[in-house]
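Structure first, commentary second.
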Amino acid sequence: FSSGKFLRKNAARSPVKDSKNNDYYIVNGISVAQGPNYALAKRLQHWRAVVARHNGKGCIVSSNIAPSTSTVSVIQNKTFAWAYEGMPYFEPYEIFAPETSNAVMSAILLYDINDPTSKGNPKNELNNPNELFKYGGFHGGLWRCAYTVDSIGEASVLIYFGRLAMPYLGIAAALGAAVVAKLTGYV
(Lines give C-alpha, C1' and ligand atoms only; values in the text may rest on other atoms or scores of the structure.)
Protein backbone atom coordinates (compact mmCIF):
# COMPACT_ATOMS: atom_id res chain seq x y z
CA PHE A 1 0.00 0.00 0.00
CA SER A 2 2.74 2.48 0.93
CA SER A 3 5.51 0.92 -1.18
CA GLY A 4 7.50 0.41 2.02
CA LYS A 5 7.53 4.11 3.01
CA PHE A 6 5.43 3.84 6.15
CA LEU A 7 6.17 1.88 9.32
CA ARG A 8 9.58 0.57 8.27
CA LYS A 9 11.36 -1.62 10.81
CA ASN A 10 14.06 0.00 12.89
CA ALA A 11 17.31 -1.98 13.29
CA ALA A 12 15.89 -4.63 10.97
CA ARG A 13 19.28 -5.97 9.97
CA SER A 14 21.40 -8.45 11.82
CA PRO A 15 24.08 -6.88 13.98
CA VAL A 16 27.35 -5.87 12.35
CA LYS A 17 30.39 -7.65 13.80
CA ASP A 18 33.80 -6.07 14.21
CA SER A 19 37.19 -7.78 14.11
CA LYS A 20 36.85 -8.69 17.82
CA ASN A 21 33.43 -10.29 17.16
CA ASN A 22 31.52 -7.52 19.01
CA ASP A 23 27.94 -6.91 17.86
CA TYR A 24 26.83 -3.46 16.73
CA TYR A 25 23.24 -2.64 15.87
CA ILE A 26 22.55 0.07 13.36
CA VAL A 27 19.55 2.32 13.96
CA ASN A 28 18.32 4.83 11.42
CA GLY A 29 17.65 7.99 13.42
CA ILE A 30 17.69 10.41 10.49
CA SER A 31 14.56 12.27 9.49
CA VAL A 32 14.71 13.23 5.83
CA ALA A 33 12.19 16.00 6.55
CA GLN A 34 14.88 17.85 8.52
CA GLY A 35 16.94 18.17 5.38
CA PRO A 36 20.44 17.20 4.31
CA ASN A 37 22.15 20.16 6.00
CA TYR A 38 20.87 19.08 9.41
CA ALA A 39 22.01 15.48 8.88
CA LEU A 40 25.43 16.61 7.67
CA ALA A 41 25.85 19.01 10.61
CA LYS A 42 25.09 16.21 13.09
CA ARG A 43 27.50 13.80 11.41
CA LEU A 44 30.23 16.47 11.38
CA GLN A 45 29.74 17.02 15.13
CA HIS A 46 30.14 13.31 15.77
CA TRP A 47 33.12 13.00 13.46
CA ARG A 48 34.81 15.94 15.20
CA ALA A 49 34.27 14.37 18.64
CA VAL A 50 35.74 11.05 17.46
CA VAL A 51 38.81 12.81 16.02
CA ALA A 52 39.30 14.96 19.14
CA ARG A 53 39.19 11.89 21.41
CA HIS A 54 41.29 9.66 19.12
CA ASN A 55 43.61 6.96 20.50
CA GLY A 56 43.70 7.99 24.14
CA LYS A 57 45.94 10.98 23.32
CA GLY A 58 43.14 13.41 22.63
CA CYS A 59 40.95 15.54 24.80
CA ILE A 60 37.87 14.78 26.85
CA VAL A 61 34.78 15.14 24.66
CA SER A 62 31.05 15.23 25.20
CA SER A 63 28.95 14.51 22.12
CA ASN A 64 25.73 12.81 23.11
CA ILE A 65 22.45 11.94 21.44
CA ALA A 66 19.57 14.17 22.52
CA PRO A 67 15.92 13.14 22.26
CA SER A 68 13.30 14.65 20.00
CA THR A 69 12.43 17.91 21.72
CA SER A 70 9.51 20.25 21.12
CA THR A 71 11.63 23.37 20.67
CA VAL A 72 10.16 26.49 19.11
CA SER A 73 12.28 26.00 15.98
CA VAL A 74 10.87 22.50 15.48
CA ILE A 75 7.20 23.04 16.29
CA GLN A 76 6.92 26.26 14.27
CA ASN A 77 6.68 23.83 11.37
CA LYS A 78 3.04 22.69 11.75
CA THR A 79 3.69 19.28 10.20
CA PHE A 80 6.39 18.55 12.79
CA ALA A 81 4.15 19.86 15.58
CA TRP A 82 1.29 17.57 14.51
CA ALA A 83 3.61 14.58 14.14
CA TYR A 84 5.15 15.24 17.58
CA GLU A 85 1.66 15.06 19.09
CA GLY A 86 1.08 11.56 17.67
CA MET A 87 4.57 10.07 18.06
CA PRO A 88 4.20 9.04 21.73
CA TYR A 89 1.64 6.47 20.55
CA PHE A 90 4.60 4.62 19.04
CA GLU A 91 6.00 3.40 22.34
CA PRO A 92 8.62 3.81 23.70
CA TYR A 93 9.00 7.01 21.66
CA GLU A 94 8.69 10.18 23.70
CA ILE A 95 8.90 13.86 22.83
CA PHE A 96 10.50 15.96 25.54
CA ALA A 97 9.96 19.54 26.67
CA PRO A 98 12.99 21.76 26.04
CA GLU A 99 13.55 22.22 29.78
CA THR A 100 13.79 18.46 30.34
CA SER A 101 16.16 17.90 27.44
CA ASN A 102 18.35 20.82 28.53
CA ALA A 103 18.56 19.56 32.12
CA VAL A 104 19.42 15.97 31.19
CA MET A 105 21.88 16.89 28.43
CA SER A 106 23.60 19.35 30.81
CA ALA A 107 23.93 16.62 33.43
CA ILE A 108 25.44 14.25 30.83
CA LEU A 109 27.85 17.00 29.73
CA LEU A 110 28.99 17.57 33.33
CA TYR A 111 29.41 13.83 33.81
CA ASP A 112 31.50 13.50 30.63
CA ILE A 113 33.78 16.37 31.63
CA ASN A 114 34.20 15.55 35.32
CA ASP A 115 34.03 11.77 35.73
CA PRO A 116 37.24 9.92 34.84
CA THR A 117 35.22 6.79 33.95
CA SER A 118 33.24 8.62 31.26
CA LYS A 119 33.54 7.20 27.74
CA GLY A 120 34.24 10.77 26.63
CA ASN A 121 37.59 10.46 28.39
CA PRO A 122 40.20 9.19 25.90
CA LYS A 123 41.88 7.15 28.65
CA ASN A 124 38.89 4.78 28.60
CA GLU A 125 38.99 2.21 25.82
CA LEU A 126 36.23 1.88 23.24
CA ASN A 127 35.91 -1.16 20.98
CA ASN A 128 34.66 1.12 18.22
CA PRO A 129 34.84 4.93 17.99
CA ASN A 130 31.05 5.13 17.56
CA GLU A 131 30.57 3.65 21.02
CA LEU A 132 31.23 7.19 22.22
CA PHE A 133 27.62 8.00 21.30
CA LYS A 134 26.17 4.79 22.68
CA TYR A 135 26.92 5.47 26.34
CA GLY A 136 25.57 9.01 26.64
CA GLY A 137 22.56 8.52 24.42
CA PHE A 138 19.37 10.09 25.81
CA HIS A 139 17.44 9.04 22.72
CA GLY A 140 13.86 9.27 23.98
CA GLY A 141 12.98 5.79 22.73
CA LEU A 142 14.22 6.33 19.17
CA TRP A 143 16.71 3.46 19.42
CA ARG A 144 14.10 1.05 20.78
CA CYS A 145 11.09 2.08 18.68
CA ALA A 146 9.92 -0.66 16.33
CA TYR A 147 9.81 1.75 13.38
CA THR A 148 12.20 4.31 11.91
CA VAL A 149 11.47 7.90 12.85
CA ASP A 150 11.12 8.82 9.18
CA SER A 151 8.38 6.23 8.63
CA ILE A 152 6.03 7.14 11.49
CA GLY A 153 5.52 10.84 10.73
CA GLU A 154 2.42 10.53 8.57
CA ALA A 155 0.84 7.94 10.87
CA SER A 156 1.59 10.21 13.85
CA VAL A 157 -0.20 13.10 12.17
CA LEU A 158 -3.22 10.87 11.45
CA ILE A 159 -3.29 9.72 15.07
CA TYR A 160 -3.15 13.33 16.26
CA PHE A 161 -6.05 14.44 14.05
CA GLY A 162 -7.99 11.26 14.85
CA ARG A 163 -7.65 12.08 18.53
CA LEU A 164 -8.87 15.64 17.89
CA ALA A 165 -11.85 14.35 15.88
CA MET A 166 -12.92 11.75 18.48
CA PRO A 167 -15.38 13.98 20.41
CA TYR A 168 -16.98 15.15 17.15
CA LEU A 169 -17.31 11.59 15.88
CA GLY A 170 -19.00 10.63 19.15
CA ILE A 171 -21.46 13.51 18.81
CA ALA A 172 -22.12 12.62 15.16
CA ALA A 173 -22.74 8.97 16.11
CA ALA A 174 -25.14 10.01 18.87
CA LEU A 175 -27.01 12.35 16.51
CA GLY A 176 -27.12 9.62 13.86
CA ALA A 177 -28.53 7.15 16.38
CA ALA A 178 -31.15 9.72 17.48
CA VAL A 179 -32.19 10.35 13.86
CA VAL A 180 -32.45 6.59 13.16
CA ALA A 181 -34.46 6.09 16.36
CA LYS A 182 -36.81 8.92 15.38
CA LEU A 183 -37.24 7.64 11.81
CA THR A 184 -37.91 4.07 12.92
CA GLY A 185 -40.42 5.16 15.55
CA TYR A 186 -38.48 4.24 18.70
CA VAL A 187 -38.77 7.79 20.02
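Labels for the C-alpha coordinates follow display order: chains A, B, ..., residues from 1 in each chain, ligands from 1.
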Write out as a VMD selection string each polymer residue whose atoms come within 12 Å of Gln34 (chain A), counting only C-alpha atoms; drop sequence neighbours fewer than 2 positions from it. chain A and resid 29 to 32 36 to 42 73 to 74 77 79 to 80 149 to 150 153
Let me see the file: selected residues, N, CA and C atoms, as a PDB file, in the first residue's frame.
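Now in part_4.pdb:
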```pdb
ATOM      1  N   GLY A  29      18.277   6.913  12.661  1.00  0.00           N
ATOM      2  CA  GLY A  29      17.652   7.985  13.421  1.00  0.00           C
ATOM      3  C   GLY A  29      17.559   9.282  12.646  1.00  0.00           C
ATOM      4  N   ILE A  30      17.722   9.212  11.332  1.00  0.00           N
ATOM      5  CA  ILE A  30      17.693  10.411  10.490  1.00  0.00           C
ATOM      6  C   ILE A  30      16.281  10.644   9.972  1.00  0.00           C
ATOM      7  N   SER A  31      15.838  11.884  10.078  1.00  0.00           N
ATOM      8  CA  SER A  31      14.562  12.272   9.493  1.00  0.00           C
ATOM      9  C   SER A  31      14.851  13.086   8.238  1.00  0.00           C
ATOM     10  N   VAL A  32      14.467  12.559   7.100  1.00  0.00           N
ATOM     11  CA  VAL A  32      14.713  13.233   5.830  1.00  0.00           C
ATOM     12  C   VAL A  32      14.032  14.602   5.806  1.00  0.00           C
ATOM     13  N   PRO A  36      19.069  17.729   4.353  1.00  0.00           N
ATOM     14  CA  PRO A  36      20.436  17.205   4.305  1.00  0.00           C
ATOM     15  C   PRO A  36      21.432  18.019   5.123  1.00  0.00           C
ATOM     16  N   ASN A  37      21.218  19.327   5.237  1.00  0.00           N
ATOM     17  CA  ASN A  37      22.155  20.160   5.996  1.00  0.00           C
ATOM     18  C   ASN A  37      22.154  19.776   7.474  1.00  0.00           C
ATOM     19  N   TYR A  38      20.979  19.483   8.005  1.00  0.00           N
ATOM     20  CA  TYR A  38      20.875  19.078   9.413  1.00  0.00           C
ATOM     21  C   TYR A  38      21.601  17.751   9.630  1.00  0.00           C
ATOM     22  N   ALA A  39      21.362  16.791   8.748  1.00  0.00           N
ATOM     23  CA  ALA A  39      22.010  15.478   8.880  1.00  0.00           C
ATOM     24  C   ALA A  39      23.529  15.615   8.775  1.00  0.00           C
ATOM     25  N   LEU A  40      23.994  16.407   7.837  1.00  0.00           N
ATOM     26  CA  LEU A  40      25.432  16.612   7.672  1.00  0.00           C
ATOM     27  C   LEU A  40      26.036  17.296   8.897  1.00  0.00           C
ATOM     28  N   ALA A  41      25.348  18.297   9.425  1.00  0.00           N
ATOM     29  CA  ALA A  41      25.850  19.007  10.610  1.00  0.00           C
ATOM     30  C   ALA A  41      25.994  18.057  11.793  1.00  0.00           C
ATOM     31  N   LYS A  42      25.020  17.175  11.987  1.00  0.00           N
ATOM     32  CA  LYS A  42      25.089  16.212  13.093  1.00  0.00           C
ATOM     33  C   LYS A  42      26.228  15.219  12.885  1.00  0.00           C
ATOM     34  N   SER A  73      11.833  26.114  17.372  1.00  0.00           N
ATOM     35  CA  SER A  73      12.280  26.003  15.981  1.00  0.00           C
ATOM     36  C   SER A  73      11.722  24.765  15.295  1.00  0.00           C
ATOM     37  N   VAL A  74      11.422  23.724  16.061  1.00  0.00           N
ATOM     38  CA  VAL A  74      10.869  22.502  15.477  1.00  0.00           C
ATOM     39  C   VAL A  74       9.361  22.635  15.308  1.00  0.00           C
ATOM     40  N   ASN A  77       7.101  24.559  12.553  1.00  0.00           N
ATOM     41  CA  ASN A  77       6.675  23.826  11.368  1.00  0.00           C
ATOM     42  C   ASN A  77       5.459  22.993  11.794  1.00  0.00           C
ATOM     43  N   THR A  79       3.648  20.717  10.450  1.00  0.00           N
ATOM     44  CA  THR A  79       3.691  19.278  10.195  1.00  0.00           C
ATOM     45  C   THR A  79       4.471  18.563  11.291  1.00  0.00           C
ATOM     46  N   PHE A  80       5.616  19.133  11.689  1.00  0.00           N
ATOM     47  CA  PHE A  80       6.391  18.546  12.788  1.00  0.00           C
ATOM     48  C   PHE A  80       5.602  18.609  14.089  1.00  0.00           C
ATOM     49  N   VAL A 149      12.117   6.615  12.579  1.00  0.00           N
ATOM     50  CA  VAL A 149      11.468   7.896  12.846  1.00  0.00           C
ATOM     51  C   VAL A 149      10.906   8.496  11.564  1.00  0.00           C
ATOM     52  N   ASP A 150      11.563   8.247  10.453  1.00  0.00           N
ATOM     53  CA  ASP A 150      11.119   8.816   9.182  1.00  0.00           C
ATOM     54  C   ASP A 150       9.868   8.124   8.627  1.00  0.00           C
ATOM     55  N   GLY A 153       6.015   9.463  10.741  1.00  0.00           N
ATOM     56  CA  GLY A 153       5.522  10.841  10.728  1.00  0.00           C
ATOM     57  C   GLY A 153       4.086  10.976  10.265  1.00  0.00           C
TER      58      GLY A 153
END
```
Name the residues of chain A that fall into strand (DSSP E or B) according to DSSP on the backbone, using the chain letters and numbers of this document, as a VMD selection string. chain A and resid 9 16 to 17 23 to 24 69 96 147
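Closest to Pro67 (chain A) among A:Phe138, A:Gly4, A:Ala165, A:Ala107 is A:Phe138, based on only C-alpha atoms.
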Within 9 Å of region 128-131 of chain A, counting only C-alpha atoms, which residues show up once you throw out same-chain ones fewer than 2 positions away? Write them as number ranges by chain, please. A: 18, 46, 50, 53-54, 119, 125-126, 133-135
Point-to-point distance from CA of Glu91 (chain A) to CA of Gly141 (chain A), Å rounded to tenths: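 Computing it gives 7.4 Å between the two atoms.
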